Amino acid sequence: MQPVKITIKGDYYDCQIYRGRLYLWTFNGDLKVYNWNDLVQSFIKKETDKIAMTFCFLDGNYLYKSSLIELFKDIDFKKLLLDKFTQIERPSFKLTEKQLEKFLFGHQETPTGILPTDTEIYSNKLYFIHEGGLFSGSAHRAKSEKFPVSSRPSKLWDCNLLSIKANKYPQLALSGGNEGLFELNMATSLPSNLQRVEQSSPIFQISKSHSSFSNYSYLNIYNTSLIENSFLAMFKWNITKDKNQRDKPLRDYDTNINDQKIFNVKNKRHFISWGIEDKIYKANEGGFEIIKYNNYANKEKGEETFTRLKSVDLHAWKGKVINGGTAYFGNIVESENALVVIQSDGRYLTIPGPITRWRVYPRSMNYENHLHVILDDRIEIYSFNHDYFINQQDKEIGIQFTAEKHRRTPRTSYFDDTDESLYDNGDLPF
Amino acid sequence: MPYTADTEIDLTGHAIGNYIISSQHRRRGNPNKSIWTINFDDEVGCFIQAINGNWKTGTEAWGVKVIGNILQVVGLNNDRQELKLAKFVDGTNTNVWHGYPADYMRKAQDRPTTNILKVWVNRGYLTKAKMSKIRLGQSCNL
């Protein structure tokens with residue numbers, strides 16, 4: 001099964017998708033926000049394509065419902081839906097910049113006037129970094145507002161960070177290169193054993209070791225360094241009492257486990273490793289290795305915290321692995337010459353570079369099947385739809401989907417996302 | 001002009017500001033610092049180009065050595081890896097500068113600012129993809 005792709009021409013530098021809006025930063029310094037739902041629906045030319053296009057680009061979470069997974073065990077139902085996806089694999093969904101204009105929700109100069117080094121949208125706020133520091137301002141604003149995001153964001157910290165990554169809980173991991181790994185923790189209870197480095201914002205230093213980028217793995221943060229050993233910064237719940245003697249759990253720092261130990265390697269040559277949720281990956285000479293991480297391993301039952309799953313080869317022409325990430329639908333490996341998606345069904349997709357930026361949204365509620373790739377003259381938005389039909393417990397590539405993720409009841413997550421925007425509009429195509 | 005290390009060089013007529021070639025950033029200098037592999041003339045030339053190009057933010061400036069739009073190696077880090085970007089600092093805010101090869105992957109402060117990288121992209125010295133990689137502190141073939 002091939003991914004479905006929408007291509008939008010233009011000179012872009014960064015992108016985000018959030019609650020029915022596509023955010024595009026142009027290289028000349030504008031931030032343009034588009035109505036994503038209308039854009040996708042403009043491509044639906046036949047009634048019979050509506051369901052597949054909606055699952056592809058608007059509601060990628062829906063098919064993970066356990067009731068539907070049961071349905072897909074019936075081969076006839078499964079075939080019917082697969083045929084629907086196959087029908088929209090081949091058409092070319094393309095927009096020029098001019099055609100894109102009719103979906104414009106709003107535009108403005110990028111806040112602070114400097115192109116962001118990295119961005120996240122989280123709880124209706126845009127967080128971004130550049131050499132001036134870490135900033136946040138309101139996003140997903142009403143149409144009546146002058147600008148789609150705040151033009152006067154608050155400066156949270158003046159550290160010159162390399163990258164940021166939001167958790168599904170109110171935390172943002174902050175990678176500061178040689179300054180170390182930090183976290184902006186907006187939870188109501190704060191860690192008791194980490195040093196707060198900024199008085200005006202709840203920013204804590206987790207490690208002084210080099211941090212290029214980081215991502216969350218359950219309670220923990222996997223810190224990737226492109227020049228030193230990477231490590232898993234582990235946290236634990238520390239149950240304390242509040243002033244009314246009620247239990248108050250604090251997410252306290254526990255320890256670091258470096259990737260040499262996780263992968264049991266002695267070789268001192270540096271290779272990138274990265275991790276998110278239940279899997280950790282480490283590049284090697286010809287590809288990468290995968291470790292299953294069991295945060296709840298019961299040692300008495302013989303369960304291991306880290307279990308080696310498999311090795312994956314990459315073709316040599318793609319060059320050295322320089323960056324990596326993971327979504328439900330598979331692993332995304334950036335090599336010197338290409339971006340490679342190793343899908344959870346074992347297939348490969350190669351996107352030749354140069355790649356300006358790529359993003360996946362595994363913590364969003366409706367776009368976890370998306371891969372956004374910014375190339376020199378366009379953005380390509382891929383939708384992967386094979387993972388719904390895979391046994392999640394057995395899969396070796398990609399994040400394991402767990403049932404709690406798809407509940408449509410109110411959650412504590414900040415990514416209770418496009419559900420409301422979809423239904424508020426009343427314009428779901430079916 | 002024959003230059004001497006650790007001596008203030010008056011650049012009147014070439015650029016606004018004086019420059020000191022630091023012996024700390026030369027072979028047999030400080031082993032913990034990056035070192036220039038270009039000669040004194042090229043180091044000073046790189047600085048003059050940076051100042052005259054206004055590739056400057058406050059007391060920091062950024063330079064490259066370009067031949068035919070191809071970035072040239074200007075130095076090595078202390079792991080002997082090649083470096084192609086240069087950083088200049090007016091440490092005392094007196095318009096007296098010194099510089100060193102910038103190790104943008106190891107040191108967050110060695111990454112040129114966004115607007116200067118944009119200028120280099122527009123001049124064809126870098127691609128947009130490489131600019132993004134530099135800002136993210138990621139490896140790229142400059």
# chains A, B, ... in the order shown; residues from 1 in each chain; ligands from 1
>>> closest_atom_pairs(of="range 9-70 of chain B", to="range 75-85 of chain B", cutoff="8 Å", atoms="only C-alpha atoms", output="JSON lines")
{"residue": "B:Pro31", "atom": "CA", "partner": "B:Asn78", "partner_atom": "CA", "distance": 6.5}
{"residue": "B:Asn32", "atom": "CA", "partner": "B:Asn78", "partner_atom": "CA", "distance": 5.9}
{"residue": "B:Lys33", "atom": "CA", "partner": "B:Asn78", "partner_atom": "CA", "distance": 6.1}
{"residue": "B:Ser34", "atom": "CA", "partner": "B:Asn77", "partner_atom": "CA", "distance": 4.3}
{"residue": "B:Ile35", "atom": "CA", "partner": "B:Gly75", "partner_atom": "CA", "distance": 5.4}
{"residue": "B:Trp36", "atom": "CA", "partner": "B:Gly75", "partner_atom": "CA", "distance": 4.1}
{"residue": "B:Thr37", "atom": "CA", "partner": "B:Gly75", "partner_atom": "CA", "distance": 4.5}
{"residue": "B:Ile38", "atom": "CA", "partner": "B:Gly75", "partner_atom": "CA", "distance": 6.8}
{"residue": "B:Trp62", "atom": "CA", "partner": "B:Leu85", "partner_atom": "CA", "distance": 7.3}
{"residue": "B:Gly63", "atom": "CA", "partner": "B:Leu85", "partner_atom": "CA", "distance": 6.1}
{"residue": "B:Val64", "atom": "CA", "partner": "B:Leu85", "partner_atom": "CA", "distance": 5.3}
{"residue": "B:Lys65", "atom": "CA", "partner": "B:Lys84", "partner_atom": "CA", "distance": 7.6}
>>> interface_residues(of="chain A", to="chain B", cutoff="7 Å", atoms="only C-alpha atoms", output="PDB file with C-alpha atoms, in the first residue's frame")
ATOM      1  CA  ILE A 114      13.246  35.881  12.594  1.00  0.00           C
ATOM      2  CA  LEU A 115      12.634  32.503  10.970  1.00  0.00           C
ATOM      3  CA  THR A 117      14.904  27.229  14.243  1.00  0.00           C
ATOM      4  CA  GLU A 131      18.963  32.732  18.446  1.00  0.00           C
ATOM      5  CA  ASN A 160      20.020  29.740  22.152  1.00  0.00           C
ATOM      6  CA  LEU A 162      18.773  23.756  18.944  1.00  0.00           C
ATOM      7  CA  SER A 163      15.386  22.036  19.045  1.00  0.00           C
ATOM      8  CA  GLY A 176      20.544  23.197  24.068  1.00  0.00           C
ATOM      9  CA  GLY A 177      23.593  21.625  22.385  1.00  0.00           C
ATOM     10  CA  ASN A 178      26.580  21.956  24.704  1.00  0.00           C
ATOM     11  CA  SER A 212      21.004  17.864  19.705  1.00  0.00           C
ATOM     12  CA  ILE A 227      28.517  14.205  18.794  1.00  0.00           C
ATOM     13  CA  ILE A 322      22.128  12.081  10.272  1.00  0.00           C
ATOM     14  CA  GLU A 336      22.922  12.632   3.884  1.00  0.00           C
ATOM     15  CA  PRO A 354      17.890  18.006  -0.191  1.00  0.00           C
ATOM     16  CA  ILE A 355      15.405  18.042   2.671  1.00  0.00           C
ATOM     17  CA  THR A 356      14.876  21.384   4.390  1.00  0.00           C
TER      18      THR A 356
END
>>> residues_around(residues="Asp387 in chain A", least_positions_apart="5", cutoff="10 Å", atoms="only C-alpha atoms", output="ChimeraX atom specification")
/A:63-64,328-330,343-345,369,392,395,398,400-401
>>> closest_residue(among="B:Gly17, B:Pro2, B:Gly91, B:Gly124", to="Val66 in chain B", atoms="only C-alpha atoms")
B:Gly124
>>> select_by_dssp(residues="chain B", states="alpha helix (DSSP H)", output="PDB file with N, CA and C atoms, in the first residue's frame")
ATOM      1  N   PHE B  40      47.359  33.488   7.611  1.00  0.00           N
ATOM      2  CA  PHE B  40      46.995  34.742   8.278  1.00  0.00           C
ATOM      3  C   PHE B  40      46.232  35.669   7.324  1.00  0.00           C
ATOM      4  N   ASP B  41      46.716  35.773   6.083  1.00  0.00           N
ATOM      5  CA  ASP B  41      46.061  36.659   5.109  1.00  0.00           C
ATOM      6  C   ASP B  41      44.596  36.258   4.898  1.00  0.00           C
ATOM      7  N   ASP B  42      44.366  34.961   4.762  1.00  0.00           N
ATOM      8  CA  ASP B  42      42.988  34.494   4.528  1.00  0.00           C
ATOM      9  C   ASP B  42      42.109  34.709   5.762  1.00  0.00           C
ATOM     10  N   GLU B  43      42.703  34.544   6.944  1.00  0.00           N
ATOM     11  CA  GLU B  43      41.926  34.775   8.174  1.00  0.00           C
ATOM     12  C   GLU B  43      41.482  36.232   8.235  1.00  0.00           C
ATOM     13  N   VAL B  44      42.431  37.127   7.981  1.00  0.00           N
ATOM     14  CA  VAL B  44      42.096  38.556   8.025  1.00  0.00           C
ATOM     15  C   VAL B  44      41.125  38.894   6.891  1.00  0.00           C
ATOM     16  N   GLY B  45      41.329  38.298   5.731  1.00  0.00           N
ATOM     17  CA  GLY B  45      40.425  38.522   4.594  1.00  0.00           C
ATOM     18  C   GLY B  45      39.013  38.059   4.906  1.00  0.00           C
ATOM     19  N   CYS B  46      38.915  36.949   5.583  1.00  0.00           N
ATOM     20  CA  CYS B  46      37.607  36.407   5.975  1.00  0.00           C
ATOM     21  C   CYS B  46      36.898  37.393   6.916  1.00  0.00           C
ATOM     22  N   PHE B  47      37.685  37.973   7.839  1.00  0.00           N
ATOM     23  CA  PHE B  47      37.111  38.953   8.769  1.00  0.00           C
ATOM     24  C   PHE B  47      36.660  40.215   8.027  1.00  0.00           C
ATOM     25  N   ILE B  48      37.503  40.715   7.135  1.00  0.00           N
ATOM     26  CA  ILE B  48      37.149  41.936   6.390  1.00  0.00           C
ATOM     27  C   ILE B  48      35.857  41.717   5.589  1.00  0.00           C
ATOM     28  N   GLN B  49      35.764  40.549   4.964  1.00  0.00           N
ATOM     29  CA  GLN B  49      34.558  40.231   4.189  1.00  0.00           C
ATOM     30  C   GLN B  49      33.322  40.190   5.098  1.00  0.00           C
ATOM     31  N   ALA B  50      33.504  39.631   6.294  1.00  0.00           N
ATOM     32  CA  ALA B  50      32.370  39.535   7.235  1.00  0.00           C
ATOM     33  C   ALA B  50      31.900  40.923   7.667  1.00  0.00           C
ATOM     34  N   ILE B  51      32.846  41.786   7.980  1.00  0.00           N
ATOM     35  CA  ILE B  51      32.474  43.130   8.449  1.00  0.00           C
ATOM     36  C   ILE B  51      31.878  43.939   7.301  1.00  0.00           C
ATOM     37  N   ASN B  52      32.522  43.888   6.148  1.00  0.00           N
ATOM     38  CA  ASN B  52      32.020  44.673   5.022  1.00  0.00           C
ATOM     39  C   ASN B  52      30.693  44.136   4.484  1.00  0.00           C
ATOM     40  N   THR B 114      20.247  33.443  12.133  1.00  0.00           N
ATOM     41  CA  THR B 114      19.354  33.077  11.027  1.00  0.00           C
ATOM     42  C   THR B 114      19.464  34.047   9.851  1.00  0.00           C
ATOM     43  N   ASN B 115      19.439  35.334  10.151  1.00  0.00           N
ATOM     44  CA  ASN B 115      19.412  36.302   9.049  1.00  0.00           C
ATOM     45  C   ASN B 115      20.715  36.303   8.260  1.00  0.00           C
ATOM     46  N   ILE B 116      21.829  36.031   8.909  1.00  0.00           N
ATOM     47  CA  ILE B 116      23.102  35.951   8.180  1.00  0.00           C
ATOM     48  C   ILE B 116      23.122  34.689   7.314  1.00  0.00           C
ATOM     49  N   LEU B 117      22.621  33.583   7.849  1.00  0.00           N
ATOM     50  CA  LEU B 117      22.533  32.364   7.030  1.00  0.00           C
ATOM     51  C   LEU B 117      21.622  32.585   5.822  1.00  0.00           C
ATOM     52  N   LYS B 118      20.549  33.346   6.036  1.00  0.00           N
ATOM     53  CA  LYS B 118      19.646  33.646   4.908  1.00  0.00           C
ATOM     54  C   LYS B 118      20.376  34.407   3.814  1.00  0.00           C
ATOM     55  N   VAL B 119      21.214  35.353   4.219  1.00  0.00           N
ATOM     56  CA  VAL B 119      22.001  36.107   3.237  1.00  0.00           C
ATOM     57  C   VAL B 119      22.895  35.154   2.447  1.00  0.00           C
ATOM     58  N   TRP B 120      23.510  34.229   3.143  1.00  0.00           N
ATOM     59  CA  TRP B 120      24.400  33.275   2.461  1.00  0.00           C
ATOM     60  C   TRP B 120      23.617  32.360   1.513  1.00  0.00           C
ATOM     61  N   VAL B 121      22.389  31.981   1.919  1.00  0.00           N
ATOM     62  CA  VAL B 121      21.545  31.184   1.015  1.00  0.00           C
ATOM     63  C   VAL B 121      21.236  31.997  -0.241  1.00  0.00           C
ATOM     64  N   ASN B 122      20.847  33.252  -0.031  1.00  0.00           N
ATOM     65  CA  ASN B 122      20.493  34.099  -1.180  1.00  0.00           C
ATOM     66  C   ASN B 122      21.691  34.350  -2.091  1.00  0.00           C
ATOM     67  N   LYS B 128      18.976  26.137   1.304  1.00  0.00           N
ATOM     68  CA  LYS B 128      18.028  26.323   2.411  1.00  0.00           C
ATOM     69  C   LYS B 128      18.089  25.119   3.353  1.00  0.00           C
ATOM     70  N   ALA B 129      18.252  23.929   2.792  1.00  0.00           N
ATOM     71  CA  ALA B 129      18.323  22.712   3.608  1.00  0.00           C
ATOM     72  C   ALA B 129      19.533  22.761   4.542  1.00  0.00           C
ATOM     73  N   LYS B 130      20.656  23.238   4.036  1.00  0.00           N
ATOM     74  CA  LYS B 130      21.856  23.301   4.887  1.00  0.00           C
ATOM     75  C   LYS B 130      21.720  24.381   5.950  1.00  0.00           C
ATOM     76  N   MET B 131      21.065  25.468   5.588  1.00  0.00           N
ATOM     77  CA  MET B 131      20.811  26.508   6.594  1.00  0.00           C
ATOM     78  C   MET B 131      20.017  25.931   7.764  1.00  0.00           C
ATOM     79  N   SER B 132      18.982  25.172   7.424  1.00  0.00           N
ATOM     80  CA  SER B 132      18.158  24.578   8.472  1.00  0.00           C
ATOM     81  C   SER B 132      18.987  23.622   9.332  1.00  0.00           C
ATOM     82  N   LYS B 133      19.839  22.837   8.688  1.00  0.00           N
ATOM     83  CA  LYS B 133      20.670  21.875   9.427  1.00  0.00           C
ATOM     84  C   LYS B 133      21.640  22.612  10.363  1.00  0.00           C
ATOM     85  N   ILE B 134      22.206  23.700   9.881  1.00  0.00           N
ATOM     86  CA  ILE B 134      23.142  24.460  10.738  1.00  0.00           C
ATOM     87  C   ILE B 134      22.406  24.986  11.961  1.00  0.00           C
ATOM     88  N   ARG B 135      21.241  25.551  11.759  1.00  0.00           N
ATOM     89  CA  ARG B 135      20.513  26.101  12.905  1.00  0.00           C
ATOM     90  C   ARG B 135      20.136  24.986  13.894  1.00  0.00           C
ATOM     91  N   LEU B 136      19.844  23.792  13.365  1.00  0.00           N
ATOM     92  CA  LEU B 136      19.478  22.669  14.241  1.00  0.00           C
ATOM     93  C   LEU B 136      20.703  21.952  14.810  1.00  0.00           C
TER      94      LEU B 136
END
>>> closest_residue(among="A:Ser383, A:Gln2, A:Ser189, A:Asn323", to="Asp59 in chain A", atoms="only C-alpha atoms")
A:Ser383
>>> closest_residue(among="A:Gly113, A:Pro91, A:Gly133, A:Pro191", to="Lys5 in chain A", atoms="only C-alpha atoms")
A:Pro91
>>> select_by_dssp(residues="chain B", states="strand (DSSP E or B)", output="ChimeraX atom specification")
/B:8-10,18-20,35-36,56-57,60-63,66-67,70-71,75-76,82-83,85-89,96-102
>>> write_last_selection(atoms="N, CA and C atoms", output="compact mmCIF listing (two decimals), in the first residue's frame")
# COMPACT_ATOMS: atom_id res chain seq x y z
N GLU B 8 47.56 43.72 17.47
CA GLU B 8 46.39 44.38 16.90
C GLU B 8 46.71 44.89 15.50
N ILE B 9 45.87 44.53 14.56
CA ILE B 9 46.09 44.93 13.16
C ILE B 9 45.11 46.05 12.82
N ASP B 10 45.66 47.19 12.40
CA ASP B 10 44.83 48.32 12.01
C ASP B 10 44.33 48.07 10.59
N ASN B 18 39.62 46.89 14.23
CA ASN B 18 40.95 46.29 14.25
C ASN B 18 40.82 44.80 14.54
N TYR B 19 41.87 44.05 14.20
CA TYR B 19 41.78 42.59 14.30
C TYR B 19 43.04 42.02 14.91
N ILE B 20 42.86 41.02 15.75
CA ILE B 20 44.00 40.31 16.34
C ILE B 20 43.94 38.85 15.91
N ILE B 35 41.22 25.34 15.48
CA ILE B 35 42.38 26.03 14.89
C ILE B 35 42.13 26.36 13.43
N TRP B 36 42.70 27.48 13.02
CA TRP B 36 42.63 27.86 11.61
C TRP B 36 43.60 26.99 10.82
N LYS B 56 27.06 40.59 10.74
CA LYS B 56 27.42 40.94 12.10
C LYS B 56 26.14 41.09 12.92
N THR B 57 26.17 40.60 14.15
CA THR B 57 25.06 40.82 15.09
C THR B 57 25.69 41.26 16.40
N GLU B 60 29.28 40.05 17.59
CA GLU B 60 29.66 38.80 16.93
C GLU B 60 29.50 38.95 15.41
N ALA B 61 30.43 38.39 14.68
CA ALA B 61 30.33 38.39 13.21
C ALA B 61 30.65 37.00 12.70
N TRP B 62 30.24 36.74 11.47
CA TRP B 62 30.34 35.39 10.92
C TRP B 62 30.95 35.44 9.55
N GLY B 63 31.82 34.49 9.26
CA GLY B 63 32.52 34.54 7.98
C GLY B 63 32.60 33.19 7.30
N VAL B 66 34.89 31.57 0.40
CA VAL B 66 34.14 31.03 -0.72
C VAL B 66 34.97 31.13 -1.99
N ILE B 67 35.04 30.04 -2.72
CA ILE B 67 35.63 30.08 -4.07
C ILE B 67 34.58 29.52 -5.02
N ILE B 70 31.56 27.86 -3.57
CA ILE B 70 31.80 26.65 -2.78
C ILE B 70 32.50 27.05 -1.49
N LEU B 71 31.95 26.64 -0.37
CA LEU B 71 32.58 26.94 0.92
C LEU B 71 33.87 26.14 1.07
N GLY B 75 39.25 25.60 8.98
CA GLY B 75 39.96 25.13 10.16
C GLY B 75 39.51 23.75 10.59
N LEU B 76 39.96 23.38 11.79
CA LEU B 76 39.66 22.06 12.36
C LEU B 76 39.18 22.23 13.80
N GLU B 82 36.94 18.85 9.90
CA GLU B 82 37.02 20.10 9.13
C GLU B 82 35.86 21.04 9.44
N LEU B 83 36.17 22.31 9.49
CA LEU B 83 35.16 23.35 9.76
C LEU B 83 35.16 24.36 8.62
N LEU B 85 32.93 27.29 8.71
CA LEU B 85 32.36 28.57 9.12
C LEU B 85 33.32 29.24 10.10
N ALA B 86 33.30 30.56 10.13
CA ALA B 86 34.18 31.30 11.04
C ALA B 86 33.35 32.22 11.92
N LYS B 87 33.79 32.37 13.15
CA LYS B 87 33.12 33.29 14.07
C LYS B 87 34.13 34.34 14.52
N PHE B 88 33.68 35.58 14.56
CA PHE B 88 34.52 36.69 15.02
C PHE B 88 33.84 37.37 16.20
N VAL B 89 34.63 37.76 17.15
CA VAL B 89 34.09 38.31 18.39
C VAL B 89 34.81 39.61 18.75
N VAL B 96 37.71 45.85 18.56
CA VAL B 96 38.93 45.06 18.35
C VAL B 96 38.49 43.59 18.37
N TRP B 97 38.68 42.92 17.24
CA TRP B 97 38.08 41.61 17.04
C TRP B 97 39.12 40.50 17.01
N HIS B 98 38.69 39.31 17.34
CA HIS B 98 39.48 38.13 17.04
C HIS B 98 38.49 37.07 16.54
N GLY B 99 39.04 35.98 15.98
CA GLY B 99 38.13 34.99 15.43
C GLY B 99 38.66 33.58 15.51
N TYR B 100 37.78 32.65 15.17
CA TYR B 100 38.15 31.24 15.19
C TYR B 100 37.19 30.44 14.30
N PRO B 101 37.61 29.27 13.86
CA PRO B 101 36.69 28.42 13.09
C PRO B 101 35.53 27.96 13.99
N ALA B 102 34.32 28.12 13.49
CA ALA B 102 33.13 27.84 14.31
C ALA B 102 32.73 26.37 14.18
>>> atom_distance(atom1="CA of Arg28 in chain B", atom2="CA of Thr4 in chain B")
15.3 Å
>>> residues_around(residues="Glu289 in chain A", least_positions_apart="5", cutoff="6 Å", atoms="only C-alpha atoms", output="ChimeraX atom specification")
/A:281-282,310-311
>>> residues_around(residues="Thr110 in chain A", least_positions_apart="5", cutoff="6 Å", atoms="only C-alpha atoms", output="list in words")
Gly29, Asp30 and Leu31 of chain A
